[in-house]
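S.K.: Supplied structure: coords-v2.txt, compact mmCIF, C-alpha atoms.
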# COMPACT_ATOMS: atom_id res chain seq x y z
CA MET A 115 84.61 116.45 104.39
CA ASN A 116 87.40 118.45 106.00
CA SER A 117 90.54 117.15 107.67
CA ALA A 118 89.27 117.91 111.15
CA LYS A 119 86.21 115.74 110.68
CA ILE A 120 88.28 112.89 109.29
CA LYS A 121 90.59 113.08 112.30
CA ARG A 122 87.60 112.96 114.64
CA ILE A 123 86.34 109.82 112.92
CA LEU A 124 89.77 108.21 113.01
CA GLY A 125 90.14 109.22 116.63
CA SER A 126 86.76 107.73 117.56
CA LEU A 127 87.96 104.45 116.12
CA ALA A 128 91.08 104.62 118.32
CA VAL A 129 93.38 104.34 115.36
CA GLY A 130 96.94 103.24 116.05
CA ALA A 131 99.80 102.68 113.61
CA THR A 132 101.94 99.57 113.94
CA LEU A 133 104.63 97.81 111.98
CA VAL A 134 104.12 94.38 110.47
CA ALA A 135 105.06 91.96 113.19
CA GLY A 136 104.59 88.24 112.81
CA THR A 137 101.72 86.12 111.60
CA ALA A 138 98.33 86.19 113.34
CA HIS A 139 95.12 84.26 112.76
CA ALA A 140 92.97 85.91 110.09
CA ALA A 141 89.47 86.65 111.32
CA ASP A 142 86.33 87.14 109.29
CA LEU A 143 83.68 89.78 109.94
CA ASP A 144 81.97 88.19 112.97
CA GLN A 145 85.30 87.55 114.69
CA ILE A 146 86.52 91.07 113.91
CA ARG A 147 83.36 92.56 115.42
CA GLU A 148 83.75 90.35 118.48
CA ARG A 149 87.34 91.38 119.12
CA GLY A 150 86.52 95.01 118.26
CA VAL A 151 89.54 95.68 116.06
CA ILE A 152 90.38 95.28 112.37
CA ARG A 153 93.95 95.26 111.06
CA ILE A 154 94.30 97.38 107.90
CA ALA A 155 97.53 97.74 105.92
CA VAL A 156 98.85 100.72 103.97
CA ALA A 157 101.98 101.08 101.85
CA ASN A 158 102.98 104.63 102.92
CA GLU A 159 102.12 105.94 99.46
CA ILE A 160 100.70 109.46 99.31
CA PRO A 161 97.81 110.14 98.59
CA TYR A 162 96.48 106.57 98.56
CA GLY A 163 97.30 105.38 102.08
CA TYR A 164 100.07 106.37 104.49
CA ILE A 165 101.00 106.99 108.12
CA ASP A 166 101.67 110.64 108.93
CA LEU A 167 104.55 111.78 111.16
CA ASP A 168 102.20 111.94 114.15
CA GLY A 169 101.14 108.31 113.60
CA THR A 170 97.78 109.15 112.01
CA ALA A 171 96.60 107.07 109.07
CA LYS A 172 95.70 109.28 106.10
CA GLY A 173 94.88 109.00 102.42
CA ALA A 174 91.92 108.15 100.22
CA GLY A 175 92.02 104.51 101.30
CA PRO A 176 92.31 105.00 105.09
CA ASP A 177 89.77 107.84 105.25
CA VAL A 178 87.14 105.80 103.42
CA ALA A 179 88.09 102.64 105.35
CA ALA A 180 87.53 104.52 108.64
CA GLN A 181 84.02 105.42 107.51
CA LEU A 182 83.30 101.82 106.48
CA ALA A 183 84.63 100.39 109.76
CA GLU A 184 82.36 102.72 111.70
CA ARG A 185 79.37 101.68 109.58
CA LEU A 186 80.25 98.01 110.18
CA GLY A 187 80.31 98.49 113.94
CA ILE A 188 84.05 97.87 114.33
CA GLY A 189 85.37 99.89 117.25
CA ARG A 190 89.09 100.20 116.47
CA ILE A 191 91.51 100.08 113.54
CA GLU A 192 95.07 98.81 113.91
CA TRP A 193 97.02 100.30 111.02
CA VAL A 194 99.89 98.25 109.60
CA ALA A 195 102.59 100.00 107.55
CA THR A 196 104.47 97.82 105.05
CA GLY A 197 106.03 97.94 101.58
CA PHE A 198 103.75 97.83 98.57
CA SER A 199 105.22 94.52 97.39
CA SER A 200 104.42 93.02 100.83
CA LEU A 201 100.70 93.83 100.77
CA ILE A 202 99.46 90.68 99.02
CA PRO A 203 101.93 88.34 100.80
CA GLY A 204 100.89 89.96 104.08
CA LEU A 205 97.23 89.19 103.44
CA GLN A 206 98.09 85.64 102.49
CA ALA A 207 100.17 85.24 105.67
CA ASP A 208 97.34 86.61 107.88
CA ARG A 209 99.33 89.64 109.03
CA PHE A 210 96.32 91.89 108.45
CA ASP A 211 92.65 91.62 107.50
CA MET A 212 92.37 94.25 104.79
CA VAL A 213 94.48 96.55 102.63
CA ALA A 214 93.56 100.22 102.11
CA ALA A 215 96.21 101.23 99.55
CA GLU A 216 94.01 101.86 96.50
CA MET A 217 95.75 98.88 94.89
CA ALA A 218 94.91 98.61 91.19
CA ILE A 219 92.45 95.83 90.41
CA LEU A 220 94.22 93.58 87.90
CA PRO A 221 93.52 89.98 86.78
CA PRO A 222 96.80 88.51 88.12
CA ARG A 223 96.07 90.02 91.53
CA CYS A 224 92.46 88.84 91.41
CA ARG A 225 93.80 85.28 91.29
CA GLN A 226 95.67 85.89 94.56
CA VAL A 227 93.32 88.05 96.64
CA LEU A 228 89.78 89.41 96.77
CA PHE A 229 89.01 93.00 95.80
CA SER A 230 86.16 95.26 96.80
CA GLU A 231 84.38 97.26 94.15
CA PRO A 232 86.48 100.25 93.01
CA ASN A 233 86.92 103.08 95.49
CA SER A 234 88.85 105.29 93.06
CA SER A 235 90.27 105.58 89.58
CA TYR A 236 93.43 107.33 88.44
CA GLY A 237 95.69 107.86 85.43
CA GLU A 238 99.45 107.68 84.90
CA GLY A 239 102.37 110.13 84.98
CA LEU A 240 106.17 110.48 84.88
CA LEU A 241 108.47 112.14 87.40
CA VAL A 242 111.53 113.67 85.70
CA ALA A 243 114.49 115.80 86.75
CA ALA A 244 113.86 119.55 86.83
CA GLY A 245 113.77 120.88 83.28
CA ASN A 246 113.18 117.38 81.89
CA PRO A 247 116.73 117.17 80.42
CA ASP A 248 116.04 113.89 78.61
CA ASP A 249 112.83 115.22 77.01
CA ILE A 250 110.64 112.36 78.28
CA HIS A 251 106.88 112.61 77.79
CA ALA A 252 105.51 109.06 77.59
CA TYR A 253 106.09 105.52 78.82
CA GLU A 254 106.49 104.50 75.19
CA ASP A 255 109.61 106.67 74.90
CA PHE A 256 111.60 104.06 76.84
CA ALA A 257 110.89 101.36 74.26
CA LYS A 258 113.36 102.93 71.87
CA ASN A 259 115.50 105.64 73.48
CA GLY A 260 117.79 103.36 75.52
CA LYS A 261 117.24 105.41 78.68
CA LYS A 262 116.19 104.00 82.05
CA VAL A 263 112.85 104.31 83.78
CA ALA A 264 112.35 103.62 87.48
CA ILE A 265 109.36 101.69 88.85
CA MET A 266 108.36 100.65 92.35
CA ALA A 267 108.67 96.98 93.29
CA GLY A 268 105.30 95.26 92.91
CA ALA A 269 103.63 98.16 91.09
CA ASP A 270 101.52 97.58 87.97
CA GLN A 271 103.64 99.98 85.88
CA LEU A 272 105.87 96.94 85.23
CA GLU A 273 103.14 95.25 83.19
CA MET A 274 102.36 98.48 81.35
CA LEU A 275 105.98 99.00 80.33
CA GLN A 276 106.35 95.37 79.28
CA ALA A 277 103.21 95.64 77.12
CA LEU A 278 104.71 98.73 75.46
CA GLY A 279 107.90 96.87 74.57
CA VAL A 280 110.23 98.51 77.09
CA PRO A 281 113.17 96.13 77.64
CA GLU A 282 113.90 94.81 81.14
CA ALA A 283 117.39 96.33 80.94
CA SER A 284 115.81 99.79 80.77
CA MET A 285 113.92 99.36 84.05
CA VAL A 286 115.28 100.29 87.48
CA THR A 287 113.35 98.89 90.45
CA ILE A 288 113.15 100.93 93.65
CA ALA A 289 111.73 99.89 97.01
CA ASN A 290 109.28 102.75 97.55
CA ASN A 291 108.17 106.17 96.34
CA ALA A 292 110.49 107.94 98.76
CA ASP A 293 113.47 106.76 96.69
CA ALA A 294 112.12 108.22 93.44
CA ILE A 295 113.32 111.79 93.91
CA SER A 296 116.97 110.83 94.41
CA THR A 297 116.81 108.16 91.70
CA VAL A 298 115.62 110.67 89.11
CA SER A 299 117.48 113.78 90.27
CA THR A 300 120.86 111.98 90.32
CA GLY A 301 120.35 110.50 86.86
CA ARG A 302 120.12 106.86 87.93
CA ALA A 303 116.93 106.86 85.85
CA SER A 304 115.55 109.44 83.42
CA ALA A 305 112.08 109.20 84.92
CA TYR A 306 109.93 107.46 87.49
CA ALA A 307 106.74 105.85 86.19
CA ALA A 308 103.83 106.10 88.62
CA THR A 309 100.27 107.33 88.83
CA SER A 310 99.59 110.99 88.16
CA LEU A 311 98.73 111.60 91.81
CA THR A 312 101.95 110.02 93.04
CA VAL A 313 104.00 112.04 90.56
CA SER A 314 102.30 115.28 91.58
CA GLY A 315 102.90 114.58 95.27
CA LEU A 316 106.58 113.81 94.74
CA ALA A 317 107.11 116.88 92.58
CA ASP A 318 105.74 119.05 95.38
CA LYS A 319 108.41 117.73 97.75
CA SER A 320 111.52 118.84 95.84
CA ASP A 321 112.54 121.46 93.30
CA ARG A 322 114.97 118.91 91.84
CA VAL A 323 112.14 117.08 90.10
CA GLU A 324 108.89 117.80 88.27
CA GLY A 325 106.07 116.05 86.51
CA ALA A 326 106.73 115.53 82.81
CA GLY A 327 104.88 118.17 80.81
CA SER A 328 102.75 117.26 77.79
CA PHE A 329 102.52 113.75 79.21
CA ARG A 330 100.83 111.24 76.91
CA ASP A 331 98.79 108.51 78.56
CA PRO A 332 100.07 105.02 77.74
CA VAL A 333 97.90 103.14 75.25
CA VAL A 334 97.81 99.36 75.63
CA ASP A 335 95.77 97.17 73.28
CA GLY A 336 94.28 100.30 71.76
CA GLN A 337 92.98 101.69 75.07
CA PRO A 338 94.35 104.55 77.21
CA VAL A 339 95.51 103.15 80.55
CA ARG A 340 93.49 103.99 83.64
CA SER A 341 93.64 102.13 86.94
CA TRP A 342 90.84 101.35 89.37
CA GLY A 343 91.81 101.05 93.03
CA GLY A 344 89.99 99.01 95.64
CA PHE A 345 90.26 97.48 99.09
CA THR A 346 91.94 94.09 99.23
CA PHE A 347 91.26 90.94 101.27
CA ALA A 348 92.49 87.37 101.67
CA GLN A 349 90.68 84.86 99.46
CA ARG A 350 88.87 83.27 102.41
CA SER A 351 87.46 86.62 103.60
CA GLU A 352 84.40 86.73 101.34
CA LYS A 353 82.03 87.74 104.15
CA LEU A 354 84.21 90.69 105.15
CA ARG A 355 84.68 91.74 101.52
CA ASP A 356 80.94 91.53 100.84
CA ALA A 357 80.09 93.60 103.92
CA VAL A 358 82.63 96.25 102.93
CA ASN A 359 81.15 96.31 99.41
CA THR A 360 77.66 96.92 100.78
CA GLU A 361 78.79 99.85 102.89
CA LEU A 362 81.09 101.19 100.16
CA GLN A 363 78.27 101.25 97.64
CA ALA A 364 76.15 103.30 100.02
CA PHE A 365 78.98 105.63 101.05
CA LYS A 366 79.88 106.39 97.43
CA GLN A 367 76.44 107.95 97.02
CA THR A 368 77.27 110.62 99.61
CA PRO A 369 79.05 113.98 99.19
CA GLU A 370 81.44 112.90 101.97
CA TRP A 371 82.96 110.23 99.75
CA ARG A 372 83.63 112.69 96.92
CA ALA A 373 85.04 115.20 99.41
CA ILE A 374 87.58 112.64 100.63
CA LEU A 375 88.82 111.97 97.10
CA THR A 376 88.95 115.68 96.28
CA GLU A 377 90.91 116.43 99.45
CA TYR A 378 93.64 114.05 98.30
CA GLY A 379 93.87 115.43 94.76
CA PHE A 380 91.55 113.13 92.83
CA SER A 381 89.64 114.93 90.10
CA GLU A 382 85.93 114.81 89.41
CA ALA A 383 86.79 112.61 86.42
CA ASP A 384 88.61 110.23 88.76
CA ALA A 385 85.56 110.00 91.02
CA GLU A 386 83.20 109.47 88.09
CA GLY A 387 85.59 106.94 86.58
CA SER A 388 85.43 104.78 89.69
CA LEU A 389 81.71 104.30 89.06
CA GLN A 390 82.14 103.17 85.46
CA ARG A 391 83.73 99.75 85.98
CA THR A 392 83.02 96.78 88.23
CA THR A 393 85.54 94.51 89.88
CA ALA A 394 84.12 91.52 87.97
CA GLU A 395 84.87 93.33 84.70
CA LEU A 396 88.36 94.36 85.78
CA CYS A 397 89.26 90.89 87.05
CA ALA A 398 88.07 89.27 83.81
CA GLU A 399 90.20 91.40 81.46
Just give me the structure as structure tokens.
M.R.:
Amino acid sequence: MNSAKIKRILGSLAVGATLVAGTAHAADLDQIRERGVIRIAVANEIPYGYIDLDGTAKGAGPDVAAQLAERLGIGRIEWVATGFSSLIPGLQADRFDMVAAEMAILPPRCRQVLFSEPNSSYGEGLLVAAGNPDDIHAYEDFAKNGKKVAIMAGADQLEMLQALGVPEASMVTIANNADAISTVSTGRASAYAATSLTVSGLADKSDRVEGAGSFRDPVVDGQPVRSWGGFTFAQRSEKLRDAVNTELQAFKQTPEWRAILTEYGFSEADAEGSLQRTTAELCAE
């Protein structure tokens, strides 16, 4: 599916971007259909879910969510832009009905919110200063080299680094991806740990940084790390989650779904990987 078609779909749903503003009553599917609008949050993280400069919601999460909303008979999407670490609290506080940020499905999060089945899968990466002056190629490097690695507040790279024995003193927390380029290029941290897609997108924005070459995927408990991203809901929104799952399962059988992922840089392996695990399996690990 090309960008023009996505924009037509988003336009037909009368998409509008808003900021998080106060607490509202959380509605389930019937109420959402009745009022004709669903509130969906993104974390302004390219390519997962973000608001473009013209106010258009884009990314693998929003583009698929727009398709699902149309299939569910919901006439309009109100997009809510917030920090990644505010996504789960925002759901719990009824500030929005759903999150389309390709948030990794992890057991601790499963105890706080409901997840759809996976919409995507993705691996890890490291953003380093141009030329990689500190010769960083793996998350494990920070367990013993005494250098600092940046992570985004609320991101699951924290748990990965902890599992690999990286000391807390070696971690620098930043508020969002936009801060990563300056953090790394000025030497505040030797690298920024994020998904491979995030790293690639940031590297394209500045010649002061690059993705670490010869990157080695982190191995935790004997398994290479791969994340599975899904849509997220408040715990009481089972009916909405189940309806989204039904439509998502059908949409993932279409070439349009694969085209959306490809447009935002996901590989064929990423698309295939999203079909290989269930949310029940991921939440139970």
S.K.: As an exercise, work out the distance from CA of Asp321 (chain A) to CA of Ala243 (chain A) in Å and give it to one decimal place.
M.R.: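 These atoms are spaced 8.9 Å apart.
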S.K.: Near region 339-341 of chain A, counting all atoms listed in the file, which residues have an atom at most 8 Å away, once you skip same-chain residues fewer than 5 positions from it, shown as a list of chain:residue names?
M.R.: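 Everything that qualifies: A:Ala218, A:Ile219, A:Ser235, A:Tyr236, A:Gly237, A:Glu238, A:Asp331, A:Pro332, A:Val333, A:Val334.
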S.K.: Choose the residue, out of A:Thr392, A:Ser328, A:Thr346, A:Ser381, that has the smallest atom-to-atom separation from Arg223 (chain A); count all atoms listed in the file.
M.R.: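 Comparing A:Thr392, A:Ser328, A:Thr346, A:Ser381 against Arg223 (chain A), the winner is A:Thr346.
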S.K.: If you count all atoms listed in the file, which residues fall within 6 Å of Ser304 (chain A), apart from same-chain ones fewer than 4 positions away, as a ChimeraX atom specification?
M.R.: /A:262-263,298
S.K.: Between CA of Ala385 (chain A) and CA of Ala373 (chain A), what distance in Å does the model show, to one decimal?
M.R.: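 Between CA of Ala385 (chain A) and CA of Ala373 (chain A) the gap works out to 9.9 Å.
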S.K.: For region 246-321 of chain A against region 156-170 of chain A, with a cut-off of 10 Å and counting only C-alpha atoms, what is the closest atom pair and its distance in Å to one decimal for every residue that makes the cut, ordered by chain and number, as a tab-separated table?
M.R.:
residue	atom	partner	partner_atom	distance
A:Asn290	CA	A:Glu159	CA	8.1
A:Asn291	CA	A:Glu159	CA	6.8
A:Ala292	CA	A:Glu159	CA	8.6
A:Leu311	CA	A:Pro161	CA	7.0
A:Thr312	CA	A:Ile160	CA	6.4
A:Val313	CA	A:Ile160	CA	9.7
A:Ser314	CA	A:Pro161	CA	9.8
A:Gly315	CA	A:Ile160	CA	6.9
A:Leu316	CA	A:Ile160	CA	8.6
S.K.: Quick one: axis-aligned box around all listed atoms of region 210-229 of chain A, 4 Å on every side, centre and edge lengths in Å to one decimal, written as JSON.
M.R.:
{"center_x": 92.9, "center_y": 93.6, "center_z": 97.6, "size_x": 15.8, "size_y": 24.6, "size_z": 29.7}
S.K.: What does the distance from CA of Thr393 (chain A) to CA of Glu216 (chain A) come to in Å, to one decimal?
M.R.: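 The value is 13.0 Å.
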S.K.: Excluding Ala394 (chain A) and any residue of its chain fewer than 2 positions from it, enumerate the residues within 10 Å of it, using only C-alpha atoms, and give them as a ChimeraX atom specification.
M.R.: /A:219,221,224,229-231,391-392,396-399
S.K.: For Gly325 (chain A), which of A:Asn233, A:Thr196, A:Asn246, A:Thr297 is the closest residue, counting only C-alpha atoms?
M.R.: A:Asn246
S.K.: Counting only C-alpha atoms, which residue out of A:Ser284, A:Thr309, A:Gln367, A:Gln145 sits closest to Phe256 (chain A)?
M.R.: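 The answer is A:Ser284, which sits nearest to Phe256 (chain A).
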S.K.: Rank A:Leu389, A:Met274, A:Arg355, A:Ala294 by their smallest atom-to-atom distance to Gln337 (chain A), using only C-alpha atoms, and report the top residue only.
M.R.: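 For Gln337 (chain A), the nearest of the given residues is A:Met274.
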S.K.: Of the candidates A:Ser320, A:Val178, A:Arg190, A:Val242, which shows the shortest atom-to-atom distance to Asn359 (chain A), using only C-alpha atoms?
M.R.: A:Val178
S.K.: Return the single residue from A:Gly173, A:Gly189, A:Gly336, A:Gly268 that is closest to Val151 (chain A), with distances computed using all atoms listed in the file.
M.R.: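 Under the stated criterion, the closest residue is A:Gly189.
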S.K.: So that I can see what lies close to Val213 (chain A), please list as a tab-separated table (two decimals) with C-alpha atoms, in the coordinates of the input the residues with an atom at most 8 Å from it, counting all atoms listed in the file and leaving out residues fewer than 6 positions away in the same chain.
M.R.:
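File selection.tsv, as written:
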chain	number	residue	atom	x	y	z
A	154	ILE	CA	94.30	97.38	107.90
A	155	ALA	CA	97.53	97.74	105.92
A	156	VAL	CA	98.85	100.72	103.97
A	201	LEU	CA	100.70	93.83	100.77
A	205	LEU	CA	97.23	89.19	103.44
A	345	PHE	CA	90.26	97.48	99.09
A	346	THR	CA	91.94	94.09	99.23
A	347	PHE	CA	91.26	90.94	101.27
S.K.: With a distance cut-off of 7 Å and only C-alpha atoms, select the neighbouring residues of Ala267 (chain A), excluding the residue or stretch itself and same-chain residues fewer than 5 positions from it, and output the selection as number ranges by chain.
M.R.: A: 199, 287-289
S.K.: Using all atoms listed in the file, list the residues that have an atom at most 6 Å from (110.1, 116.4, 77.7), coordinates as in the file, as a ChimeraX atom specification.
M.R.: /A:246,249-251
